[in-house]
file target.csv (CSV, C-alpha atoms)
chain,number,residue,atom,x,y,z
A,278,MET,CA,187.6,29.9,44.7
A,279,LYS,CA,189.4,28.1,41.9
A,280,THR,CA,188.5,29.1,38.3
A,281,GLU,CA,188.0,25.4,37.5
A,282,LYS,CA,185.0,25.2,39.8
A,283,LEU,CA,183.3,28.0,38.0
A,284,GLN,CA,184.1,26.6,34.6
A,285,LYS,CA,182.5,23.3,35.4
A,286,LEU,CA,179.2,24.8,36.4
A,287,ARG,CA,176.6,23.7,33.9
A,288,GLU,CA,172.8,23.9,33.6
A,289,ASP,CA,170.9,22.3,30.6
A,290,TYR,CA,167.7,24.2,30.4
A,291,SER,CA,164.6,22.3,29.3
A,292,LYS,CA,161.4,23.7,30.9
A,293,ASN,CA,159.9,25.8,28.1
A,294,SER,CA,160.3,27.1,24.6
A,295,LEU,CA,159.6,30.4,22.9
A,296,ASP,CA,158.6,30.9,19.3
A,297,GLU,CA,157.9,34.2,17.5
A,298,ALA,CA,154.7,32.7,16.0
A,299,ASP,CA,153.3,32.2,19.5
A,300,VAL,CA,154.2,35.3,21.4
A,301,GLU,CA,151.9,38.3,21.8
A,302,LYS,CA,152.2,41.1,19.2
A,303,ASP,CA,152.5,43.6,22.0
A,304,PRO,CA,155.6,43.0,24.2
A,305,ILE,CA,153.8,44.6,27.3
A,306,LYS,CA,151.2,41.9,27.1
A,307,GLN,CA,153.9,39.2,26.7
A,308,PHE,CA,155.7,40.6,29.7
A,309,GLU,CA,152.5,40.7,31.8
A,310,GLN,CA,151.9,37.0,30.8
A,311,TRP,CA,155.4,36.0,31.9
A,312,MET,CA,155.0,38.1,35.2
A,313,GLU,CA,151.8,36.3,36.0
A,314,GLU,CA,153.5,32.9,35.5
A,315,ALA,CA,156.4,34.1,37.7
A,316,LEU,CA,153.9,35.1,40.4
A,317,LYS,CA,152.0,31.8,40.2
A,318,SER,CA,155.3,30.0,40.5
A,319,GLU,CA,155.9,31.8,43.8
A,320,ILE,CA,159.4,32.9,42.8
A,321,PRO,CA,160.9,35.2,45.6
A,322,GLU,CA,160.5,38.8,44.5
A,323,PRO,CA,159.6,38.3,40.8
A,324,ASN,CA,159.5,42.1,40.5
A,325,ALA,CA,163.2,42.5,41.3
A,326,MET,CA,165.0,43.9,38.3
A,327,THR,CA,168.5,45.1,37.6
A,328,LEU,CA,168.6,48.8,36.6
A,329,ALA,CA,171.6,50.0,34.6
A,330,THR,CA,172.4,53.6,34.2
A,331,VAL,CA,175.5,55.6,32.9
A,332,ASP,CA,177.3,58.4,34.7
A,333,HIS,CA,178.8,61.6,33.3
A,334,LYS,CA,182.0,59.7,32.5
A,335,GLN,CA,180.1,57.2,30.5
A,336,LYS,CA,180.7,54.5,33.1
A,337,PRO,CA,177.8,52.1,33.6
A,338,HIS,CA,176.4,51.3,37.0
A,339,ALA,CA,173.9,48.6,37.9
A,340,ARG,CA,171.8,47.8,41.0
A,341,VAL,CA,168.6,45.9,41.8
A,342,VAL,CA,165.3,47.8,42.3
A,343,LEU,CA,161.7,46.7,42.4
A,344,LEU,CA,159.1,47.1,39.7
A,345,LYS,CA,156.1,48.8,41.2
A,346,GLY,CA,153.7,49.0,38.2
A,347,ILE,CA,153.2,48.9,34.5
A,348,GLU,CA,151.3,51.9,33.2
A,349,ASP,CA,150.6,53.0,29.6
A,350,GLY,CA,153.3,50.6,28.4
A,351,SER,CA,156.0,51.9,30.8
A,352,PHE,CA,157.8,50.2,33.7
A,353,ILE,CA,157.5,52.0,37.1
A,354,PHE,CA,159.9,52.2,40.0
A,355,TYR,CA,160.6,54.5,42.9
A,356,THR,CA,163.8,55.9,44.4
A,357,ASN,CA,165.5,58.9,45.9
A,358,PHE,CA,166.2,61.5,43.1
A,359,GLY,CA,169.4,62.5,44.9
A,360,SER,CA,170.8,59.0,44.7
A,361,ASP,CA,173.5,57.9,42.3
A,362,LYS,CA,170.9,56.5,39.9
A,363,GLY,CA,168.8,59.7,40.2
A,364,ALA,CA,171.8,61.9,39.3
A,365,GLU,CA,172.7,59.6,36.4
A,366,LEU,CA,169.2,59.6,35.0
A,367,GLN,CA,169.1,63.4,35.3
A,368,GLN,CA,172.0,63.8,32.9
A,369,ASN,CA,171.4,60.7,30.8
A,370,PRO,CA,167.8,59.3,30.8
A,371,ASN,CA,168.8,56.1,28.9
A,372,ALA,CA,168.3,53.1,31.1
A,373,ALA,CA,168.2,49.3,30.9
A,374,LEU,CA,166.2,46.9,33.0
A,375,CYS,CA,166.8,43.1,33.4
A,376,PHE,CA,164.6,40.5,35.1
A,377,LEU,CA,165.9,37.0,35.8
A,378,TRP,CA,163.5,34.3,36.8
A,379,GLN,CA,166.0,31.4,37.1
A,380,GLU,CA,163.3,29.0,38.3
A,381,LEU,CA,161.5,29.4,35.0
A,382,GLU,CA,164.8,29.6,33.0
A,383,ARG,CA,163.7,33.1,31.8
A,384,GLN,CA,165.2,36.5,31.4
A,385,VAL,CA,163.7,39.8,30.1
A,386,ARG,CA,165.8,42.7,29.0
A,387,ILE,CA,164.3,46.2,28.5
A,388,GLU,CA,165.9,49.3,27.0
A,389,GLY,CA,164.4,52.8,27.0
A,390,GLU,CA,164.3,56.3,28.5
A,391,ALA,CA,163.4,57.1,32.0
A,392,GLU,CA,161.0,60.0,32.9
A,393,LYS,CA,160.0,61.2,36.4
A,394,LEU,CA,156.4,60.5,37.3
A,395,PRO,CA,154.1,63.5,38.2
A,396,GLU,CA,154.5,64.6,41.8
A,397,GLU,CA,150.9,63.6,42.6
A,398,GLU,CA,151.5,60.0,41.5
A,399,SER,CA,154.6,59.7,43.7
A,400,GLU,CA,152.8,61.3,46.6
A,401,ALA,CA,149.9,58.8,46.2
A,402,TYR,CA,152.2,55.8,46.2
A,403,PHE,CA,154.3,57.0,49.1
A,404,LYS,CA,151.1,57.1,51.3
A,405,LEU,CA,150.6,53.4,50.5
A,406,ARG,CA,154.0,52.4,51.7
A,407,PRO,CA,154.4,50.7,55.1
A,408,TYR,CA,155.0,53.2,58.0
A,409,LYS,CA,158.6,52.1,58.6
A,410,SER,CA,159.4,52.2,54.9
A,411,GLN,CA,158.2,55.8,54.8
A,412,LEU,CA,160.5,56.6,57.8
A,413,GLY,CA,163.4,54.8,56.1
A,414,ALA,CA,163.0,56.9,53.0
A,415,LEU,CA,163.0,60.1,55.1
A,416,ALA,CA,165.9,59.0,57.2
A,417,SER,CA,168.2,58.1,54.3
A,418,ASN,CA,170.0,60.5,52.0
A,419,GLN,CA,170.5,57.7,49.6
A,420,SER,CA,174.1,57.1,48.3
A,421,MET,CA,175.5,59.8,50.6
A,422,GLU,CA,178.3,58.8,53.0
A,423,VAL,CA,177.3,58.3,56.7
A,424,PRO,CA,179.6,58.1,59.7
A,425,SER,CA,178.1,54.8,61.1
A,426,ARG,CA,175.2,52.5,61.2
A,427,GLU,CA,174.3,54.0,64.6
A,428,PHE,CA,173.9,57.4,62.9
A,429,LEU,CA,171.2,56.0,60.7
A,430,GLU,CA,169.5,54.2,63.5
A,431,GLU,CA,169.4,57.3,65.7
A,432,ARG,CA,168.0,59.4,62.9
A,433,PHE,CA,165.3,56.7,62.2
A,434,ALA,CA,164.4,56.7,65.9
A,435,ASP,CA,164.2,60.5,66.1
A,436,LEU,CA,161.8,60.4,63.1
A,437,GLU,CA,159.7,57.7,64.7
A,438,LYS,CA,159.2,59.9,67.7
A,439,LYS,CA,158.4,62.9,65.5
A,440,TYR,CA,155.9,61.3,63.1
A,441,LYS,CA,153.0,59.0,63.9
A,442,GLU,CA,151.7,56.5,61.4
A,443,GLY,CA,149.9,58.3,58.6
A,444,GLU,CA,151.8,61.6,59.2
A,445,VAL,CA,155.1,60.9,57.5
A,446,PRO,CA,155.7,63.5,54.8
A,447,LYS,CA,157.1,62.3,51.5
A,448,PRO,CA,160.8,63.5,51.1
A,449,GLU,CA,161.1,66.2,48.5
A,450,LYS,CA,163.7,64.3,46.5
A,451,TRP,CA,161.8,60.9,46.6
A,452,GLY,CA,159.6,59.8,43.8
A,453,GLY,CA,158.9,57.6,40.8
A,454,TYR,CA,160.3,57.0,37.3
A,455,LYS,CA,158.7,55.4,34.3
A,456,VAL,CA,161.0,53.6,31.8
A,457,ILE,CA,159.4,54.0,28.3
A,458,PRO,CA,160.7,50.9,26.4
A,459,GLU,CA,162.2,51.1,22.9
A,460,ALA,CA,163.3,47.4,22.9
A,461,ILE,CA,162.3,44.4,24.9
A,462,GLU,CA,163.9,41.0,24.6
A,463,PHE,CA,162.5,37.7,26.0
A,464,TRP,CA,165.0,34.9,26.7
A,465,GLN,CA,164.0,31.3,27.3
A,466,GLY,CA,166.7,28.8,28.2
A,467,ARG,CA,166.9,25.7,26.0
A,468,ARG,CA,169.1,22.6,25.7
A,469,SER,CA,172.6,22.7,24.4
A,470,ARG,CA,172.8,26.5,24.8
A,471,LEU,CA,170.5,26.9,21.8
A,472,HIS,CA,168.4,29.4,23.7
A,473,ASP,CA,165.3,31.2,22.4
A,474,ARG,CA,165.7,34.9,22.1
A,475,ILE,CA,162.7,37.0,20.8
A,476,LYS,CA,163.3,40.7,20.6
A,477,TYR,CA,160.7,43.5,20.1
A,478,VAL,CA,162.0,46.8,18.7
A,479,PHE,CA,159.8,49.9,18.4
A,480,GLU,CA,160.1,51.3,14.9
A,481,ASN,CA,158.0,53.9,13.2
A,482,GLY,CA,155.2,53.6,15.7
A,483,ASN,CA,155.1,49.8,15.7
A,484,TRP,CA,156.6,46.8,17.5
A,485,ILE,CA,158.8,44.7,15.2
A,486,ILE,CA,159.4,41.1,16.3
A,487,LYS,CA,162.7,39.4,15.6
A,488,ARG,CA,164.4,36.1,16.5
A,489,LEU,CA,168.0,36.5,17.6
A,490,SER,CA,170.7,33.9,17.6
A,491,PRO,CA,171.7,32.7,21.1
call {"tool": "encode", "arguments": {"input": "target.csv", "output": "structure tokens"}}
result
Amino acid sequence: MKTEKLQKLREDYSKNSLDEADVEKDPIKQFEQWMEEALKSEIPEPNAMTLATVDHKQKPHARVVLLKGIEDGSFIFYTNFGSDKGAELQQNPNAALCFLWQELERQVRIEGEAEKLPEEESEAYFKLRPYKSQLGALASNQSMEVPSREFLEERFADLEKKYKEGEVPKPEKWGGYKVIPEAIEFWQGRRSRLHDRIKYVFENGNWIIKRLSP
């Protein structure tokens, strides 16, 4: 693809605005409001979020995961603790999340620390997952090299024979994290690239609201 084609891509945002005088004082409430609007808009997978972590060499890595809850002001997702992101969070709990709702011309950025959920909470959620999702979690040593696609499919088939629906055990290294936010930024696209950026920063036990230059 020629660079010129990319350089000519333009979008003049005009659907909404965002003002610090109108937002919720609590960023979690503001996020929940925006999430509700995203759900009502029937955006595909509005809970999809980019998770960024840092490895032991201070190299950043990003991938898309799914938000599975908001509890006590924290953002919940589940994964394999033995995966790349699990290993990275083990040695450096600092994490960043990013939601993009292009249809609403909105983005939310979250920065904070990740903590593992209690085992009983992970166990309870695992039991709610679809049967084949449970088998998939058990079949996959996430991020580990495999010889072929057939290897994975054969392992999945063996587990399907071994465990009936409702009997699949949660993998020992599978569970949830909560990201405890220290900063949350709400971005609303505006005309002429003069976008609205409202940032909440947690300081001395309180959320401070700031407007940022686009």
call {"tool": "residues_around", "arguments": {"input": "target.csv", "residues": "segment 394-396 of chain A", "least_positions_apart": "5", "cutoff": "12 Å", "atoms": "all atoms listed in the file", "output": "PyMOL selection string"}}
result
chain A and resi 346+348+351-356+358+401-403+447-457
call {"tool": "atom_distance", "arguments": {"input": "target.csv", "atom1": "atom CA of Glu398 of chain A", "atom2": "atom CA of Val341 of chain A"}}
result
22.2 Å
call {"tool": "atom_distance", "arguments": {"input": "target.csv", "atom1": "atom CA of Leu374 of chain A", "atom2": "atom CA of Leu343 of chain A"}}
result
10.4 Å
call {"tool": "closest_residue", "arguments": {"input": "target.csv", "among": "A:Glu437, A:Glu462, A:Asp473, A:Glu319", "to": "Ile305 of chain A", "atoms": "all atoms listed in the file"}}
result
A:Glu462
call {"tool": "atom_distance", "arguments": {"input": "target.csv", "atom1": "atom CA of Val478 of chain A", "atom2": "atom CA of Asp361 of chain A"}}
result
28.5 Å
call {"tool": "closest_residue", "arguments": {"input": "target.csv", "among": "A:Glu442, A:Asp296, A:Glu314, A:Glu322", "to": "Lys404 of chain A", "atoms": "only C-alpha atoms"}}
result
A:Glu442
call {"tool": "closest_residue", "arguments": {"input": "target.csv", "among": "A:Glu430, A:Ala315, A:Pro458, A:Val300", "to": "Ile347 of chain A", "atoms": "only C-alpha atoms"}}
result
A:Pro458
